[in-house]
Amino acid sequence: MISRSKHEWFVGILISLGIIVTVIVVYQIKGFEWAELRSYDVRFSLRGPLDMEPRIVLVSNDEETAQRLGKSPDKISRSEYAKAIGHLKKAGAEIIAFDMIFSGRQSSKEDSQFEQAMRKAKNIVLSRYIAEEGHITPLERFHKVELGEGIINVALDSDGILRSMPILGFSYENGEIIPYLTLSAEIARLVRNKNQEATLDLSREGTLTIGSLNIPYPQGKILINFFGPAGTFPNIPLWRAIAGDLAPEELQGKIVILGGQAATLHDFYQTAYKTGFLQTLFGQKAQPGHIRMMGAEVHAHALMTILNQAFIERASRWTTLLLVFGVGIFGLLFMVVLAKGSTMITILWATLMGTTVGGAYLLFVYGNYWLEVIPLLATINGFYGGGMAFQRYILKKEQRQLLGMFSGSLSPNLEKLVWENRDQLLRHEQLCLPSIPMTTLFASCINIDAFHQHSSPQQVMALTNDILTALTKTVTDYEGIVEESTPDSLKAIFGVPEKNSTEPQIERETQKALNCAMALKKEFNRLHTKWKSPNLPMLKWQIVIHTDVVTIGIFGQFPHAKIQTVGQTSTLVHQLEQGEETISEPNNHPGQIIISDSTLKYVHKQIDTQYLANLQITPNQDKIPLYRVTE
C-alpha cells in the first residue's frame with residue numbers, strides 16, 4: 001500500500017477529536033437521555049424477575065372489593081379501614097403502611113374507630129401529600145397515634161416513566177425533614193426492632209444512614225430496583241382484610257402496604273419494568289398491552305430495594321465522560337489511524353458494540369450498576385462512520401496516486417482492474433515485470449512545427465487543447481492506457497499488465513488498439529476540417545501499432561512515480577520518421593495507420609493492408625515487416 005502522509009494522520013486525528021467533542025457536547029446537554037432511559041428499561045426486561053423473599057404484602061382497594069362491598073372504592077369508610085387494621089394486626093402484620101391520606105374529617109364515630117384501631121395496632125404508617133398550597137396531612141388525632149408518616153409524591157422522569165423514588169422531603173411550615181413513605185415504613189420497622197437505632201444521619205453527602213443501614217440517594221432519591229413486573233408481590237383484596245378472611249401464613253411478620261388499585265382511583269404509573277421488549281424500547285405513555293403498577297406496588301418495590309440493599313447506582317457524569325474519552329482514544333488508534341480496510345474496522349466495531357452492551361448488561365444484573373451505554377455506543381458508531389469515511393478518503397487518495405502513475409485517463413474498466421490489482425502492481429513500489437505481451441500505439445504529428453510558424457499563440461493554444469482532448473478521450477474510450485501525451489504525440493498501451501496473458505487476451509487488446517487507431521484517424525479528419533484554412537498547412541499524423549513483449553516498471557517515487565513500458569515501438573517510430581520519404585502517406589489524407597506484422601496476424605481479417613517495407617530495429621534482430629492500413 002502507498003504510505004500515509006503527515007497530512008493524512010492529521011486528518012484522522014481531526015476526525016477523531018471531532019467525534020469525541022460532538023459526543024461530549026451532546027451528552028452534556030442531555031441529548032442522549034431519552035435513549036439512555038430506554039436502554040435502562042430494556043435491561044429490566046432482559047434481566048427478568050428476581051427471586052426474593054416475599055416480605056411485603058399488598059392490600060388493594062380494587063374492583064373486586066367494590067363488587068363485594070357494593071360501593072365505589074372512594075366510599076370505603078374509616079370504620080371499615082379500622083376493621084382491616086384490626087384483622088391485619090391479628091394475622092401478624094409487622095407494619096401496616098397506608099398509601100392514602102386520611103386528611104378530612106368524617107363522622108365522629110368513623111374517625112374515633114379508626115383512631116382506636118391505630119392506637120391498638122401500634123404499627124401504622126400514614127401518608128401525606130405535597131400539594132401546591134402545602135402539605136396535605138392526616139388529621140391531628142391520627143397523627144398522634146401513628147408509628148410513622150411519609151410523603152407519597154412520586155418523581156416521574158422527563159418521559160413520564162417512574163424509575164426512582166425520593167426518600168426525604170421538607171415541611172413548608174417549619175423546615176422539618178420528613179421521609180417518604182418508603183423510608184418511613186423502614187424507619188417504623190426499625191423502631192419496632194428494639195435492637196436498632198432509627199435516627200437519621202445525613203452527615204455524609206449523598207448517603208443516608210439509619211443505624212447499620214446506608215442508603216445512597218444521589219440527587220435526593222433512589223433508583224427503584226424493580227424485582228418484577230406488576231403483580232410481583234402477593235396481593236390481597238381489601239374486602240378480605242375488612243371481613244377478616246386472612247390466613248396467618250399470609251401476613252405473619254410481613255410489611256403490609258395498603259393502597260388503591262381500582263381504575264377510578266387513578267393511582268397507576270408506567271414504570272421501568274415492562275414485559276414487552278419493543279414496548280420497553282419505544283413506549284413512553286401507558287398504552288394497551290403495557291402493564292402499569294399501582295402506587296402501592298411502586299412503594300413496595302422501593303421498600304424492597306432498601307430491605308435487600310439492592311441499590312442501583314448510575315454511573316456519574318465524570319465516569320461516563322472518561323469512558324467516552326477512553327473509547328475515543330481506542331477508536332482513534334484502531335478504527336481510524338491503524339486500521340487497514342473496512343473489514344477490520346467492522347470487526348472492531350462489532351467487538352466494541354458487543355463488549356459495551358454485554359458489559360453494561362452484566363454490570364446491571366450482577367452489580368446493580370447502570371452504565372450509561374448510549375454515549376459509548378454513539379462514540380463507537382461515530383468512530384465506525386468516521387473510520388469508514390477516513391478509509392474511503394485514504395483509498396481515494398491512494399487511488400488517485402496509483403492512477404496518476406499513468407500519464408492520461410483510464411477507462412472505468414481499466415481503473416477498476418488496476419485498483420483491484422494494486423498490491424500486485426505496486427510490489428512495494430518496485431514494480432518491474434519483463435516480457436509482458438502488449439500492443440503499443442504511437443501517434444505523432446510530423447509537421448506540427450509548420451503549423452506553429454503560421455499560427456498565432458491563441459491558435460496554437462486552442463489547437464493543442466483540441467488535440468490533447470481528442471487523443472486522450474479516444475484512447476480511454478477504447479480502454480487503452482495513455483502512457484505519454486504531448487501536443488504532437490501520444491503513446492498508449494493496450495493490454496493487462498500481467499505476465500501470463502493468453503493469446504485470446506492479446507488478440508482482444510490488439511483489436512482495441514486497431515479500433516482506437518481508426519477512431520483517431522477520424523478525429524484527425526475532424527480536426528483538419530475544423531482548422532482548415534488557406535493560411536494554415538494540413539496537419540499530418542502517423543499512427544504506428546506494434547505488438548511485442550515489453551518491460552513494465554515504476555519510475556520515480558510516490559506520489560510522483562510513473563508507470564512506463566520499455567520496448568521496440570519507440571525505436572520503430574524513430575526508424576519510420578527517418579525513412580519518411582519511403583512510406584509517406586497520400587497528400588489528401590491527414591493521417592495514416594501503420595502496423596507491424598506481429599499486430600497484423602491478430603487483425604488481418606478486419607482490414608486491408610498495403611506492404612510498405614522491412615525495418616531493421618537492431619543489428620541482431622530480423623527485419624520487421626510493416627503495412628499501411630488502406631480504406
# chains A, B, ... in the order shown; residues from 1 in each chain; ligands from 1
$ residues_around --residues "Ile329 in chain A" --least-positions-apart "2" --cutoff "12 Å" --atoms "only C-alpha atoms" --output "MDAnalysis selection string"
chainID A and resid 12:13 15:17 19:20 322:327 331:338 379:380 383
$ closest_residue --among "A:His7, A:Arg628, A:Lys540, A:Lys491" --to "Thr569 in chain A" --atoms "only C-alpha atoms"
A:Lys491
$ atom_distance --atom1 "CA of Pro166 in chain A" --atom2 "CA of Asp99 in chain A"
15.0 Å
$ select_by_dssp --residues "range 72-298 of chain A" --states "helix (DSSP H, G or I)" --output "NGL selection string"
:A and (73-75 or 78-90 or 108-121 or 140-145 or 181-192 or 218-220 or 238-243 or 248-251 or 263-265 or 277-282 or 295-298)
$ select_by_dssp --residues "range 190-374 of chain A" --states "strand (DSSP E or B)" --output "MDAnalysis selection string"
chainID A and resid 200:201 207:210 213:216 221:223 235:237 255:260 268:269 271 293:294 312:314 369:370
$ write_last_selection --atoms "C-alpha atoms" --output "PDB file, in the first residue's frame"
ATOM      1  CA  LEU A 200     -31.324   9.642  60.526  1.00  0.00           C
ATOM      2  CA  ASP A 201     -27.691  10.532  59.883  1.00  0.00           C
ATOM      3  CA  THR A 207     -25.705   8.834  51.700  1.00  0.00           C
ATOM      4  CA  LEU A 208     -28.350   8.458  54.394  1.00  0.00           C
ATOM      5  CA  THR A 209     -27.561   6.303  57.419  1.00  0.00           C
ATOM      6  CA  ILE A 210     -30.096   4.675  59.724  1.00  0.00           C
ATOM      7  CA  LEU A 213     -28.252   0.759  57.090  1.00  0.00           C
ATOM      8  CA  ASN A 214     -26.610   3.008  54.463  1.00  0.00           C
ATOM      9  CA  ILE A 215     -28.865   4.285  51.696  1.00  0.00           C
ATOM     10  CA  PRO A 216     -27.278   6.054  48.710  1.00  0.00           C
ATOM     11  CA  LYS A 221     -33.713   9.900  45.522  1.00  0.00           C
ATOM     12  CA  ILE A 222     -33.009   6.236  44.973  1.00  0.00           C
ATOM     13  CA  LEU A 223     -33.359   4.247  41.783  1.00  0.00           C
ATOM     14  CA  ASN A 235     -51.914  -9.032  46.678  1.00  0.00           C
ATOM     15  CA  ILE A 236     -54.941  -9.382  48.989  1.00  0.00           C
ATOM     16  CA  PRO A 237     -58.237  -7.629  48.135  1.00  0.00           C
ATOM     17  CA  ILE A 255     -44.955  -5.362  55.918  1.00  0.00           C
ATOM     18  CA  VAL A 256     -48.371  -4.504  54.518  1.00  0.00           C
ATOM     19  CA  ILE A 257     -48.838  -1.624  52.106  1.00  0.00           C
ATOM     20  CA  LEU A 258     -52.485  -0.729  51.616  1.00  0.00           C
ATOM     21  CA  GLY A 259     -53.398   1.287  48.537  1.00  0.00           C
ATOM     22  CA  GLY A 260     -55.856   1.756  45.721  1.00  0.00           C
ATOM     23  CA  PHE A 268     -51.192   3.846  38.367  1.00  0.00           C
ATOM     24  CA  TYR A 269     -47.788   4.543  36.877  1.00  0.00           C
ATOM     25  CA  THR A 271     -42.527   2.044  35.318  1.00  0.00           C
ATOM     26  CA  MET A 293     -48.208  -0.572  38.544  1.00  0.00           C
ATOM     27  CA  MET A 294     -50.402   0.882  41.230  1.00  0.00           C
ATOM     28  CA  ILE A 312     -28.864   0.628  41.697  1.00  0.00           C
ATOM     29  CA  GLU A 313     -26.002   3.043  41.125  1.00  0.00           C
ATOM     30  CA  ARG A 314     -25.955   5.147  37.988  1.00  0.00           C
ATOM     31  CA  TYR A 369     -24.748  -0.724  38.174  1.00  0.00           C
ATOM     32  CA  TRP A 370     -26.261   1.496  35.499  1.00  0.00           C
TER      33      TRP A 370
END
$ residues_around --residues "range 345-362 of chain A" --least-positions-apart "4" --cutoff "7 Å" --atoms "only C-alpha atoms" --output "ChimeraX atom specification"
/A:43,335,339,341,366,371,373,377,380,384,387
$ residues_around --residues "Lys522 in chain A" --least-positions-apart "5" --cutoff "10 Å" --atoms "only C-alpha atoms" --output "PyMOL selection string"
chain A and resi 516-517+527-528+590-591
$ write_last_selection --atoms "N, CA and C atoms" --output "PDB file, in the first residue's frame"
ATOM      1  N   CYS A 516      -9.032   1.813 -31.975  1.00  0.00           N
ATOM      2  CA  CYS A 516      -8.666   3.134 -31.458  1.00  0.00           C
ATOM      3  C   CYS A 516      -7.959   3.938 -32.555  1.00  0.00           C
ATOM      4  N   ALA A 517      -7.082   3.294 -33.299  1.00  0.00           N
ATOM      5  CA  ALA A 517      -6.374   3.981 -34.383  1.00  0.00           C
ATOM      6  C   ALA A 517      -7.348   4.478 -35.444  1.00  0.00           C
ATOM      7  N   LEU A 527     -10.447  17.341 -36.942  1.00  0.00           N
ATOM      8  CA  LEU A 527      -9.611  18.487 -36.590  1.00  0.00           C
ATOM      9  C   LEU A 527      -9.150  19.238 -37.841  1.00  0.00           C
ATOM     10  N   HIS A 528      -8.852  18.468 -38.893  1.00  0.00           N
ATOM     11  CA  HIS A 528      -8.445  19.115 -40.141  1.00  0.00           C
ATOM     12  C   HIS A 528      -9.564  19.997 -40.683  1.00  0.00           C
ATOM     13  N   PRO A 590      -5.044  13.391 -43.756  1.00  0.00           N
ATOM     14  CA  PRO A 590      -4.261  13.938 -42.643  1.00  0.00           C
ATOM     15  C   PRO A 590      -3.622  12.858 -41.772  1.00  0.00           C
ATOM     16  N   GLY A 591      -3.958  11.611 -41.942  1.00  0.00           N
ATOM     17  CA  GLY A 591      -3.386  10.586 -41.092  1.00  0.00           C
ATOM     18  C   GLY A 591      -3.319   9.240 -41.768  1.00  0.00           C
TER      19      GLY A 591
END
$ atom_distance --atom1 "CA of Arg240 in chain A" --atom2 "CA of Ala188 in chain A"
24.8 Å
$ residues_around --residues "Thr305 in chain A" --least-positions-apart "5" --cutoff "8 Å" --atoms "only C-alpha atoms" --output "VMD selection string"
chain A and resid 224 to 226 310 to 311
$ closest_residue --among "A:Thr547, A:Ser203, A:Ser316, A:Ser158" --to "Glu372 in chain A" --atoms "only C-alpha atoms"
A:Ser316
$ residues_around --residues "Asn525 in chain A" --least-positions-apart "3" --cutoff "12 Å" --atoms "only C-alpha atoms" --output "list of chain:residue names"
A:Ile467, A:Ala470, A:Met518, A:Ala519, A:Leu520, A:Lys521, A:Lys522, A:His528, A:Thr529, A:Lys530, A:Trp531, A:Lys532, A:Met538, A:Leu539, A:Lys540, A:Trp541, A:Asn588, A:His589, A:Pro590, A:Gly591, A:Gln592
$ closest_atom_pairs --of "range 93-126 of chain A" --to "range 145-150 of chain A" --cutoff "8 Å" --atoms "only C-alpha atoms" --output "CSV"
residue,atom,partner,partner_atom,distance
A:Glu115,CA,A:Val145,CA,7.2
A:Met118,CA,A:Val145,CA,6.4
A:Arg119,CA,A:Val145,CA,5.5
A:Lys122,CA,A:Leu147,CA,6.3
A:Asn123,CA,A:Leu147,CA,5.5
A:Ile124,CA,A:Leu147,CA,5.3
A:Val125,CA,A:Gly148,CA,4.5
A:Leu126,CA,A:Glu149,CA,4.7
$ atom_distance --atom1 "CA of Gly220 in chain A" --atom2 "CA of His135 in chain A"
18.7 Å
$ closest_residue --among "A:Gly211, A:Asp608, A:Pro537, A:Thr137" --to "Asn193 in chain A" --atoms "only C-alpha atoms"
A:Gly211
